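Have a look at work-v6.cif below; it lists mmCIF, C-alpha atoms and all ligand atoms.
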data_start
#
loop_
_atom_site.label_atom_id
_atom_site.label_comp_id
_atom_site.auth_asym_id
_atom_site.auth_seq_id
_atom_site.Cartn_x
_atom_site.Cartn_y
_atom_site.Cartn_z
CA MET A 283 -32.41 -13.62 -35.02
CA GLN A 284 -28.67 -13.53 -34.56
CA ILE A 285 -26.72 -16.80 -34.48
CA VAL A 286 -23.02 -17.08 -33.58
CA ILE A 287 -20.77 -20.14 -33.46
CA GLY A 288 -18.13 -20.17 -30.70
CA LYS A 289 -14.65 -19.24 -31.90
CA TYR A 290 -13.13 -22.15 -29.92
CA SER A 291 -15.69 -24.76 -30.99
CA GLY A 292 -15.15 -27.80 -33.21
CA TYR A 293 -12.41 -30.39 -32.72
CA CYS A 294 -9.62 -29.45 -30.32
CA PRO A 295 -6.04 -29.89 -31.64
CA GLY A 296 -5.59 -33.21 -29.80
CA VAL A 297 -8.73 -34.73 -31.31
CA LYS A 298 -7.91 -33.34 -34.77
CA ARG A 299 -4.50 -34.99 -34.55
CA ALA A 300 -5.93 -38.36 -33.40
CA ILE A 301 -8.46 -38.37 -36.26
CA LYS A 302 -5.71 -37.56 -38.78
CA ILE A 303 -3.54 -40.38 -37.41
CA LEU A 304 -6.45 -42.86 -37.59
CA ASP A 305 -7.25 -41.78 -41.17
CA GLY A 306 -3.58 -42.32 -42.06
CA ALA A 307 -3.65 -45.81 -40.54
CA ILE A 308 -6.81 -46.67 -42.53
CA ASP A 309 -5.16 -45.48 -45.78
CA ALA A 310 -1.98 -47.44 -45.05
CA ALA A 311 -3.99 -50.60 -44.30
CA ALA A 312 -5.93 -50.20 -47.55
CA LYS A 313 -2.67 -49.95 -49.52
CA SER A 314 -0.96 -52.88 -47.77
CA LYS A 315 -1.30 -56.39 -49.12
CA THR A 316 -1.66 -57.94 -45.67
CA ASN A 317 -4.91 -58.71 -43.91
CA LYS A 318 -4.50 -55.75 -41.57
CA ASN A 319 -7.23 -54.94 -39.05
CA ILE A 320 -7.37 -51.50 -37.48
CA TYR A 321 -8.33 -51.19 -33.81
CA THR A 322 -8.72 -48.19 -31.57
CA ALA A 323 -8.10 -48.46 -27.81
CA GLY A 324 -11.63 -47.38 -26.83
CA GLU A 325 -13.80 -45.16 -29.00
CA ILE A 326 -11.51 -42.85 -30.96
CA ILE A 327 -13.48 -39.86 -29.61
CA HIS A 328 -16.60 -39.45 -27.48
CA ASN A 329 -18.90 -38.69 -30.38
CA PRO A 330 -21.35 -41.45 -31.42
CA ARG A 331 -21.80 -40.17 -34.99
CA VAL A 332 -18.06 -40.05 -35.69
CA VAL A 333 -17.43 -43.41 -34.00
CA ASP A 334 -20.20 -44.94 -36.10
CA SER A 335 -18.64 -43.58 -39.31
CA TYR A 336 -15.36 -45.33 -38.43
CA LEU A 337 -17.12 -48.60 -37.57
CA LYS A 338 -18.62 -48.45 -41.08
CA LYS A 339 -15.10 -48.07 -42.49
CA GLY A 340 -14.15 -51.33 -40.75
CA VAL A 341 -12.36 -49.89 -37.71
CA ASN A 342 -12.76 -52.08 -34.61
CA ILE A 343 -12.95 -50.93 -31.02
CA MET A 344 -10.55 -52.88 -28.83
CA LYS A 345 -12.30 -54.78 -26.05
CA LYS A 346 -10.74 -56.53 -23.07
CA SER A 347 -11.34 -59.92 -24.68
CA CYS A 348 -9.69 -58.94 -28.02
CA ILE A 349 -6.36 -60.45 -29.01
CA LEU A 350 -4.33 -58.47 -31.54
CA ASN A 351 -2.51 -60.26 -34.35
CA PRO A 352 0.97 -59.15 -35.45
CA ASP A 353 -0.55 -57.81 -38.70
CA ASP A 354 -3.02 -55.60 -36.84
CA THR A 355 -2.68 -51.91 -36.04
CA LEU A 356 -3.86 -50.38 -32.78
CA VAL A 357 -4.35 -46.62 -32.57
CA ILE A 358 -4.23 -45.15 -29.06
CA ARG A 359 -6.72 -42.28 -28.86
CA SER A 360 -6.01 -38.75 -27.61
CA HIS A 361 -7.01 -39.69 -24.01
CA GLY A 362 -3.96 -41.95 -23.78
CA ILE A 363 -3.65 -45.21 -21.83
CA SER A 364 -1.56 -46.42 -18.89
CA PRO A 365 2.00 -47.68 -19.57
CA GLU A 366 0.92 -51.13 -18.34
CA LEU A 367 -1.91 -51.36 -20.86
CA LYS A 368 0.34 -50.07 -23.63
CA ASP A 369 2.92 -52.77 -22.82
CA SER A 370 0.24 -55.46 -22.88
CA PHE A 371 -0.77 -54.34 -26.39
CA LYS A 372 2.86 -54.22 -27.51
CA ASN A 373 3.39 -57.76 -26.23
CA MET A 374 0.71 -58.97 -28.63
CA GLY A 375 3.10 -57.98 -31.44
CA ALA A 376 0.76 -55.59 -33.25
CA ASP A 377 1.74 -52.23 -34.68
CA ILE A 378 0.94 -49.61 -32.02
CA ILE A 379 0.34 -46.02 -33.17
CA ASP A 380 0.19 -43.60 -30.28
CA ALA A 381 -2.20 -40.67 -30.88
CA THR A 382 -2.17 -39.56 -27.23
CA CYS A 383 -2.57 -35.78 -27.13
CA PRO A 384 0.79 -34.14 -26.30
CA PHE A 385 -0.87 -32.26 -23.39
CA VAL A 386 -1.98 -35.58 -21.91
CA SER A 387 1.48 -37.12 -22.49
CA LYS A 388 2.96 -34.19 -20.56
CA ALA A 389 0.69 -35.00 -17.59
CA HIS A 390 1.88 -38.65 -17.79
CA GLU A 391 5.52 -37.52 -17.68
CA ILE A 392 4.95 -35.22 -14.70
CA ALA A 393 3.02 -37.90 -12.79
CA LYS A 394 5.76 -40.49 -13.40
CA LYS A 395 8.58 -38.16 -12.32
CA LEU A 396 6.79 -36.99 -9.17
CA SER A 397 5.89 -40.53 -8.21
CA GLU A 398 9.55 -41.57 -8.56
CA GLU A 399 10.50 -38.61 -6.35
CA GLY A 400 8.19 -39.89 -3.60
CA TYR A 401 5.31 -37.43 -3.81
CA PHE A 402 1.78 -38.48 -2.92
CA ILE A 403 -0.19 -37.34 -5.96
CA ILE A 404 -3.65 -35.83 -5.87
CA LEU A 405 -5.19 -36.10 -9.30
CA ILE A 406 -8.16 -33.79 -9.75
CA GLY A 407 -10.51 -35.31 -12.28
CA GLU A 408 -13.26 -37.82 -12.90
CA LYS A 409 -12.87 -41.26 -11.42
CA ASN A 410 -13.01 -43.92 -14.15
CA HIS A 411 -12.38 -41.42 -16.95
CA PRO A 412 -9.94 -43.03 -19.42
CA GLU A 413 -7.57 -40.04 -19.41
CA VAL A 414 -7.42 -40.03 -15.60
CA ASN A 415 -6.83 -43.80 -15.50
CA GLY A 416 -4.02 -43.39 -18.02
CA ILE A 417 -2.28 -40.68 -15.96
CA ALA A 418 -2.77 -42.64 -12.71
CA GLY A 419 -1.13 -45.64 -14.38
CA ASN A 420 2.21 -43.80 -14.13
CA ILE A 421 2.00 -43.49 -10.34
CA LYS A 422 3.11 -46.13 -7.83
CA THR A 423 0.25 -48.18 -6.37
CA GLY A 424 -1.26 -46.61 -3.27
CA CYS A 425 0.56 -43.31 -3.82
CA TYR A 426 -2.28 -41.28 -5.30
CA ALA A 427 -5.87 -40.22 -4.84
CA ILE A 428 -8.34 -39.13 -7.51
CA ILE A 429 -10.71 -36.46 -6.30
CA GLU A 430 -13.52 -34.78 -8.18
CA ASN A 431 -14.57 -32.03 -5.81
CA GLU A 432 -13.68 -30.18 -2.62
CA ASN A 433 -15.92 -32.42 -0.45
CA GLU A 434 -13.57 -35.34 -0.99
CA ILE A 435 -10.54 -33.54 0.48
CA LYS A 436 -11.54 -34.42 4.04
CA ASN A 437 -10.88 -38.09 3.28
CA LEU A 438 -7.20 -37.44 2.57
CA ASN A 439 -4.58 -38.32 5.20
CA CYS A 440 -1.61 -36.13 6.05
CA ARG A 441 1.51 -36.74 3.93
CA THR A 442 5.11 -35.58 3.92
CA LYS A 443 4.96 -34.15 0.41
CA ILE A 444 2.11 -33.74 -2.01
CA ALA A 445 1.82 -32.92 -5.71
CA VAL A 446 -1.41 -31.90 -7.40
CA LEU A 447 -2.22 -32.57 -11.07
CA SER A 448 -5.35 -32.15 -13.13
CA GLN A 449 -7.28 -33.98 -15.81
CA THR A 450 -6.72 -31.75 -18.87
CA THR A 451 -10.39 -30.86 -19.25
CA GLN A 452 -11.13 -29.87 -15.63
CA PRO A 453 -12.73 -26.46 -15.11
CA GLY A 454 -10.01 -24.12 -13.81
CA TYR A 455 -12.18 -22.85 -10.92
CA ASN A 456 -12.61 -26.38 -9.52
CA PHE A 457 -8.87 -27.07 -9.68
CA ASP A 458 -7.97 -23.70 -8.11
CA MET A 459 -10.52 -24.05 -5.31
CA ILE A 460 -9.32 -27.56 -4.40
CA CYS A 461 -5.68 -26.38 -4.41
CA ARG A 462 -6.52 -23.46 -2.08
CA LYS A 463 -8.25 -25.85 0.32
CA LEU A 464 -5.33 -28.30 0.25
CA ILE A 465 -2.91 -25.51 1.08
CA GLY A 466 -5.11 -24.54 4.03
CA MET A 467 -5.39 -28.12 5.25
CA PHE A 468 -1.84 -29.47 4.95
CA SER A 469 1.34 -27.87 6.23
CA CYS A 470 3.67 -30.13 4.22
CA GLU A 471 5.29 -29.30 0.86
CA ILE A 472 2.64 -29.04 -1.90
CA ARG A 473 3.64 -28.77 -5.55
CA ILE A 474 0.90 -27.73 -7.96
CA PHE A 475 0.88 -28.58 -11.67
CA ARG A 476 -2.09 -26.99 -13.43
CA THR A 477 -2.18 -29.55 -16.25
CA ILE A 478 -5.35 -28.10 -17.76
CA CYS A 479 -5.02 -27.64 -21.50
CA GLN A 480 -5.26 -24.09 -22.83
CA THR A 481 -7.84 -25.04 -25.47
CA THR A 482 -10.19 -26.31 -22.77
CA ASN A 483 -9.62 -23.19 -20.73
CA LEU A 484 -10.48 -20.90 -23.66
CA ARG A 485 -13.50 -22.99 -24.63
CA GLN A 486 -14.90 -22.90 -21.08
CA LYS A 487 -14.31 -19.16 -20.65
CA GLU A 488 -16.01 -18.50 -23.97
CA ALA A 489 -19.00 -20.68 -23.01
CA VAL A 490 -19.61 -18.58 -19.90
CA LYS A 491 -19.16 -15.32 -21.79
CA LEU A 492 -21.50 -16.36 -24.62
CA ALA A 493 -24.06 -17.57 -22.06
CA SER A 494 -24.11 -14.11 -20.51
CA LEU A 495 -24.48 -12.37 -23.90
CA ASN A 496 -27.08 -14.59 -25.60
CA ASP A 497 -30.68 -15.72 -25.04
CA VAL A 498 -30.21 -19.35 -26.03
CA ILE A 499 -27.11 -21.57 -25.90
CA ILE A 500 -26.89 -24.79 -27.89
CA VAL A 501 -24.10 -27.14 -26.78
CA VAL A 502 -23.32 -29.76 -29.42
CA GLY A 503 -21.50 -32.97 -28.50
CA GLY A 504 -21.74 -36.57 -27.34
CA ARG A 505 -23.66 -37.20 -24.12
CA ASN A 506 -20.76 -39.48 -23.18
CA SER A 507 -18.26 -36.62 -23.61
CA ALA A 508 -17.09 -35.37 -20.20
CA ASN A 509 -15.83 -32.04 -21.52
CA THR A 510 -19.11 -31.38 -23.38
CA LYS A 511 -21.12 -32.10 -20.23
CA LYS A 512 -18.92 -29.69 -18.25
CA LEU A 513 -19.33 -27.01 -20.90
CA ASN A 514 -23.09 -27.49 -20.78
CA CYS A 515 -23.12 -27.14 -16.96
CA MET A 516 -21.02 -23.99 -17.09
CA ALA A 517 -23.22 -22.35 -19.73
CA ALA A 518 -26.44 -23.49 -17.96
CA SER A 519 -25.26 -21.92 -14.70
CA VAL A 520 -25.40 -18.54 -16.49
CA GLN A 521 -28.15 -19.02 -19.10
CA LYS A 522 -31.17 -21.20 -18.20
CA LYS A 523 -32.04 -21.69 -21.87
CA THR A 524 -29.05 -23.94 -22.54
CA TYR A 525 -29.62 -27.17 -24.45
CA HIS A 526 -27.18 -30.06 -24.88
CA ILE A 527 -27.78 -31.94 -28.14
CA GLU A 528 -25.80 -34.51 -30.13
CA ASP A 529 -26.85 -33.32 -33.58
CA GLU A 530 -29.24 -31.06 -35.50
CA ALA A 531 -32.06 -33.64 -35.43
CA GLU A 532 -32.62 -32.78 -31.76
CA VAL A 533 -33.10 -29.02 -32.27
CA LYS A 534 -36.66 -27.87 -31.41
CA LYS A 535 -38.36 -24.80 -32.85
CA GLU A 536 -40.05 -23.92 -29.53
CA TRP A 537 -36.65 -23.18 -27.95
CA PHE A 538 -36.34 -19.96 -29.99
CA LYS A 539 -38.04 -16.61 -30.56
CA THR A 540 -37.36 -14.66 -33.75
CA THR A 541 -35.70 -11.89 -31.74
CA ASP A 542 -33.34 -14.23 -29.85
CA LYS A 543 -29.59 -14.06 -29.90
CA VAL A 544 -28.33 -17.64 -30.13
CA ALA A 545 -24.84 -19.06 -29.57
CA ILE A 546 -23.78 -22.54 -30.69
CA ILE A 547 -20.78 -24.08 -28.95
CA SER A 548 -19.31 -27.56 -28.76
CA GLY A 549 -17.11 -29.94 -26.84
CA ALA A 550 -13.68 -30.99 -28.08
CA SER A 551 -14.98 -34.09 -29.92
CA THR A 552 -17.49 -32.35 -32.16
CA PRO A 553 -16.66 -31.75 -35.84
CA TYR A 554 -17.18 -28.13 -36.93
CA ASP A 555 -19.64 -29.28 -39.63
CA ASP A 556 -22.03 -30.43 -36.88
CA LEU A 557 -22.21 -26.85 -35.57
CA GLU A 558 -22.92 -25.52 -39.08
CA ASN A 559 -25.68 -28.12 -39.47
CA VAL A 560 -27.26 -26.93 -36.22
CA ARG A 561 -27.09 -23.33 -37.44
CA LYS A 562 -28.81 -24.28 -40.73
CA LYS A 563 -31.52 -26.19 -38.86
CA ILE A 564 -32.30 -23.18 -36.62
CA GLU A 565 -32.36 -20.85 -39.66
CA SER A 566 -34.76 -23.20 -41.44
CA PHE A 567 -37.39 -22.59 -38.72
CA PHE A 568 -37.77 -18.86 -39.47
S1 LIG B 601 -8.96 -31.19 -24.83
FE1 LIG B 601 -6.84 -30.47 -24.78
S2 LIG B 601 -5.72 -32.12 -23.77
FE2 LIG B 601 -7.67 -32.99 -24.41
S3 LIG B 601 -7.26 -33.86 -26.43
FE3 LIG B 601 -7.98 -31.78 -26.76
S4 LIG B 601 -6.12 -30.51 -26.92
FE4 LIG B 601 -5.57 -32.47 -25.96
#

Take the structure in this file and express it as structure tokens.
Amino acid sequence: MQIVIGKYSGYCPGVKRAIKILDGAIDAAAKSKTNKNIYTAGEIIHNPRVVDSYLKKGVNIMKKSCILNPDDTLVIRSHGISPELKDSFKNMGADIIDATCPFVSKAHEIAKKLSEEGYFIILIGEKNHPEVNGIAGNIKTGCYAIIENENEIKNLNCRTKIAVLSQTTQPGYNFDMICRKLIGMFSCEIRIFRTICQTTNLRQKEAVKLASLNDVIIVVGGRNSANTKKLNCMAASVQKKTYHIEDEAEVKKEWFKTTDKVAIISGASTPYDDLENVRKKIESFF
């Protein structure tokens, strides 16, 4: 049996940075003499095992009903939040540490500028995803539409000028196809900003390539992680024997033959150690 781990697997740079910032905040709180509580605005990443480890360290997940005290620290995760929500947290007087991924911040900036310039913005991404909500929060009310697929384009009304942006983890083919259809449908000015992060792009391309070269694909990551689910779909469209698992405990011996070539890949919120643990589990079967 041959087992490879994807070159672009493990934490993405934005998640790595957010985790480092949260660890720094925990250290600082431990050293301070105040009764500092640490909160994260939503789960720090979409990975139940990692989130659980931070809950055990005393980190709290901010809920709508929570009120922050001036001594508290709130870490904004890599997905970012809307300016309005950020202001509401600031108004509570707590220390706000912004770990929004720079690629996501860039999408916020572009959305804000285009909205001020009067563009109607089409945001390609998942409705209700925190990153998409955060980007949309920079756009004037009623001046944007979030669409997930080409079928939703027909619901759009004609506009004088349009700008198109993407959730950072969208598959490139979906974004490109929707843009082509928009160009065919509207004769007005259309500005396109392919705000898909390069890491996601490389990870998705590699998933498809590995799926075509291997007999079994194991995708490791939270079932609540949008980018992991997309990666799983892309690999499964090429290799039927693709399995999405959260950790090594879910690996089953019957998925493999001794002669199989196996590739292990992961979403952006999966620590590299989890992939190594999956490799060891598979090796232990034979
Ligand atoms: S997937 Fe890309 S945009 Fe999203 S957090 Fe990671 S590096 Fe940033």

Margin query: What's around Ala389 of chain A at 12 Å? Count only C-alpha atoms, leave out sequence neighbours fewer than 5 positions away in its own chain, and write the answer as a VMD selection string.
Written below: chain A and resid 361 to 364 382 to 384 394 to 396 403 405 to 406 413 to 421 446 to 451 475 to 479

Counting only C-alpha atoms and all ligand atoms, which residues in chain A sit no more than 6 Å from ligand LIG 601 (chain B)? For each one, give the nearest pair of atoms and the distance in Å, sorted by chain then residue number, as JSON lines.
{"residue": "A:Cys294", "atom": "CA", "partner": "B:LIG601", "partner_atom": "FE3", "distance": 4.6}
{"residue": "A:Pro295", "atom": "CA", "partner": "B:LIG601", "partner_atom": "S4", "distance": 4.8}
{"residue": "A:Gly296", "atom": "CA", "partner": "B:LIG601", "partner_atom": "S3", "distance": 3.8}
{"residue": "A:Val297", "atom": "CA", "partner": "B:LIG601", "partner_atom": "S3", "distance": 5.2}
{"residue": "A:Ser360", "atom": "CA", "partner": "B:LIG601", "partner_atom": "S3", "distance": 5.2}
{"residue": "A:Cys383", "atom": "CA", "partner": "B:LIG601", "partner_atom": "FE4", "distance": 4.6}
{"residue": "A:Phe385", "atom": "CA", "partner": "B:LIG601", "partner_atom": "S2", "distance": 4.9}
{"residue": "A:Val386", "atom": "CA", "partner": "B:LIG601", "partner_atom": "S2", "distance": 5.4}
{"residue": "A:Thr450", "atom": "CA", "partner": "B:LIG601", "partner_atom": "S2", "distance": 5.0}
{"residue": "A:Thr451", "atom": "CA", "partner": "B:LIG601", "partner_atom": "S1", "distance": 5.8}
{"residue": "A:Cys479", "atom": "CA", "partner": "B:LIG601", "partner_atom": "FE1", "distance": 4.7}
{"residue": "A:Thr481", "atom": "CA", "partner": "B:LIG601", "partner_atom": "FE1", "distance": 5.6}
{"residue": "A:Thr482", "atom": "CA", "partner": "B:LIG601", "partner_atom": "S1", "distance": 5.4}
{"residue": "A:Ala550", "atom": "CA", "partner": "B:LIG601", "partner_atom": "S1", "distance": 5.7}

Output as a tab-separated table one row per residue of segment 496-521 of chain A within 7 Å of segment 315-338 of chain A: the closest atom pair and its distance in Å to one decimal place, counting all atoms listed in the file, sorted by chain and residue number ascending.
residue	atom	partner	partner_atom	distance
A:Gly503	CA	A:Asn329	CA	6.6
A:Gly504	CA	A:Asn329	CA	4.7
A:Asn506	CA	A:His328	CA	6.0
A:Ser507	CA	A:His328	CA	5.1

What does the file look like for those residues with C-alpha atoms, as a CSV table (one decimal), in the coordinates of the input?
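File produced: out.csv:
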chain,number,residue,atom,x,y,z
A,503,GLY,CA,-21.5,-33.0,-28.5
A,504,GLY,CA,-21.7,-36.6,-27.3
A,506,ASN,CA,-20.8,-39.5,-23.2
A,507,SER,CA,-18.3,-36.6,-23.6

Item checked: 10 Å contact set for Ile349 of chain A, only C-alpha atoms, chain neighbours under 6 positions out, as a ChimeraX atom specification -> /A:371,374,376

Next item on the list: Select, counting all atoms listed in the file, all protein, DNA and RNA residues no farther than 12 Å from (-19.6, -29.9, -36.1) in file coordinates, and express the selection as a VMD selection string.
Entry: chain A and resid 287 to 288 290 to 294 329 331 to 332 501 to 504 527 to 530 546 to 562

Next item on the list: Point out the residue among A:Lys388, A:Ile308, A:Phe402, A:Asn373 with the least atom-to-atom distance to Val357 of chain A, counting all atoms listed in the file.
Entry: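 When distances to Val357 of chain A are compared using all atoms listed in the file, the smallest one comes from A:Ile308.
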
Notebook entry, point to check: Distance atom CA of Ala393 of chain A-atom CA of Asn433 of chain A, one decimal place?
Noted result: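 Here the two named atoms are 23.3 Å from each other.
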
Check: Suppose you want the space between atom CA of Asn514 of chain A and atom CA of His526 of chain A; what is it in Å?
Finding: 6.3 Å

Item checked: Residue nearest Tyr426 of chain A among A:Leu367, A:Ala517, A:Leu438, A:Ile301 (counting all atoms listed in the file) ->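 Among the listed residues, the smallest separation from Tyr426 of chain A belongs to A:Leu438.
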
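The coordinates place atom CA of Ala489 of chain A at 29.7 Å from atom CA of Ala427 of chain A.
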
Note to self: Given all atoms listed in the file as the basis, pick out the residue of A:Lys372, A:Arg473, A:Lys512, A:Lys409 nearest to Lys487 of chain A.
What the structure shows: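 The closest residue to Lys487 of chain A is A:Lys512.
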
Test item: axis-aligned box, all listed atoms of segment 473-492 of chain A, 8 Å on each side, centre and edges in Å rounded to one decimal, as JSON:
{"center_x": -8.9, "center_y": -22.4, "center_z": -15.5, "size_x": 41.1, "size_y": 30.2, "size_z": 35.9}

Notebook entry, point to check: Which residue out of A:Lys491, A:Lys443, A:Lys543, A:His390 has the minimum interatomic distance to Glu471 of chain A when all atoms listed in the file are used?
Noted result: A:Lys443

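For the set A:Glu366, A:Ile499, A:Gln521, A:Ile472, the residue with the smallest atom-to-atom gap to Phe538 of chain A is A:Ile499, counting only C-alpha atoms.
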
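The smallest atom-to-atom distance between Leu356 of chain A and any of A:Pro412, A:Gly400, A:Gly375, A:Gly454, using all atoms listed in the file, is found for A:Gly375.
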
Expected file content for segment 325-353 of chain A, N, CA and C atoms, as a compact mmCIF listing (two decimals), in the first residue's frame:
# COMPACT_ATOMS: atom_id res chain seq x y z
N GLU A 325 -17.04 29.82 16.82
CA GLU A 325 -15.97 28.84 17.05
C GLU A 325 -14.71 29.31 16.33
N ILE A 326 -13.57 29.21 16.97
CA ILE A 326 -12.34 29.77 16.39
C ILE A 326 -12.07 29.17 15.01
N ILE A 327 -12.31 27.87 14.85
CA ILE A 327 -12.28 27.25 13.52
C ILE A 327 -13.36 26.17 13.47
N HIS A 328 -13.71 25.73 12.27
CA HIS A 328 -14.73 24.69 12.15
C HIS A 328 -14.10 23.31 12.29
N ASN A 329 -13.66 23.01 13.51
CA ASN A 329 -13.07 21.71 13.79
C ASN A 329 -13.42 21.36 15.24
N PRO A 330 -14.39 20.44 15.44
CA PRO A 330 -14.88 20.16 16.79
C PRO A 330 -13.78 19.80 17.79
N ARG A 331 -12.78 19.02 17.35
CA ARG A 331 -11.74 18.58 18.29
C ARG A 331 -10.92 19.78 18.79
N VAL A 332 -10.57 20.66 17.87
CA VAL A 332 -9.77 21.84 18.24
C VAL A 332 -10.59 22.78 19.12
N VAL A 333 -11.85 22.98 18.73
CA VAL A 333 -12.72 23.88 19.51
C VAL A 333 -12.85 23.34 20.94
N ASP A 334 -13.02 22.03 21.05
CA ASP A 334 -13.16 21.40 22.36
C ASP A 334 -11.90 21.62 23.21
N SER A 335 -10.74 21.53 22.56
CA SER A 335 -9.49 21.72 23.32
C SER A 335 -9.41 23.15 23.88
N TYR A 336 -9.94 24.12 23.13
CA TYR A 336 -9.92 25.50 23.64
C TYR A 336 -10.97 25.71 24.74
N LEU A 337 -12.10 25.04 24.61
CA LEU A 337 -13.12 25.15 25.67
C LEU A 337 -12.52 24.63 26.99
N LYS A 338 -11.73 23.55 26.88
CA LYS A 338 -11.09 22.98 28.08
C LYS A 338 -10.08 23.95 28.67
N LYS A 339 -9.51 24.80 27.83
CA LYS A 339 -8.54 25.80 28.35
C LYS A 339 -9.26 27.02 28.91
N GLY A 340 -10.59 27.01 28.88
CA GLY A 340 -11.35 28.12 29.47
C GLY A 340 -11.79 29.18 28.48
N VAL A 341 -11.56 28.94 27.18
CA VAL A 341 -12.01 29.93 26.18
C VAL A 341 -13.52 29.79 26.00
N ASN A 342 -14.20 30.93 25.93
CA ASN A 342 -15.66 30.93 25.76
C ASN A 342 -16.03 31.29 24.33
N ILE A 343 -17.14 30.73 23.87
CA ILE A 343 -17.62 31.12 22.54
C ILE A 343 -18.71 32.16 22.72
N MET A 344 -18.50 33.31 22.09
CA MET A 344 -19.44 34.43 22.23
C MET A 344 -20.81 34.07 21.66
N LYS A 345 -21.83 34.25 22.47
CA LYS A 345 -23.20 34.02 21.98
C LYS A 345 -23.92 35.36 21.95
N LYS A 346 -25.05 35.40 21.23
CA LYS A 346 -25.79 36.66 21.09
C LYS A 346 -26.13 37.28 22.45
N SER A 347 -26.43 36.41 23.42
CA SER A 347 -26.86 36.90 24.73
C SER A 347 -25.69 37.35 25.62
N CYS A 348 -24.43 37.08 25.20
CA CYS A 348 -23.27 37.40 26.06
C CYS A 348 -23.03 38.90 26.12
N ILE A 349 -22.65 39.37 27.28
CA ILE A 349 -22.22 40.76 27.44
C ILE A 349 -20.74 40.71 27.84
N LEU A 350 -19.90 41.44 27.12
CA LEU A 350 -18.48 41.44 27.45
C LEU A 350 -18.20 42.49 28.52
N ASN A 351 -17.29 42.16 29.43
CA ASN A 351 -16.85 43.12 30.43
C ASN A 351 -15.59 43.81 29.93
N PRO A 352 -15.29 45.02 30.43
CA PRO A 352 -14.10 45.73 29.96
C PRO A 352 -12.80 44.93 30.13
N ASP A 353 -12.76 44.02 31.09
CA ASP A 353 -11.55 43.21 31.31
C ASP A 353 -11.41 42.07 30.31
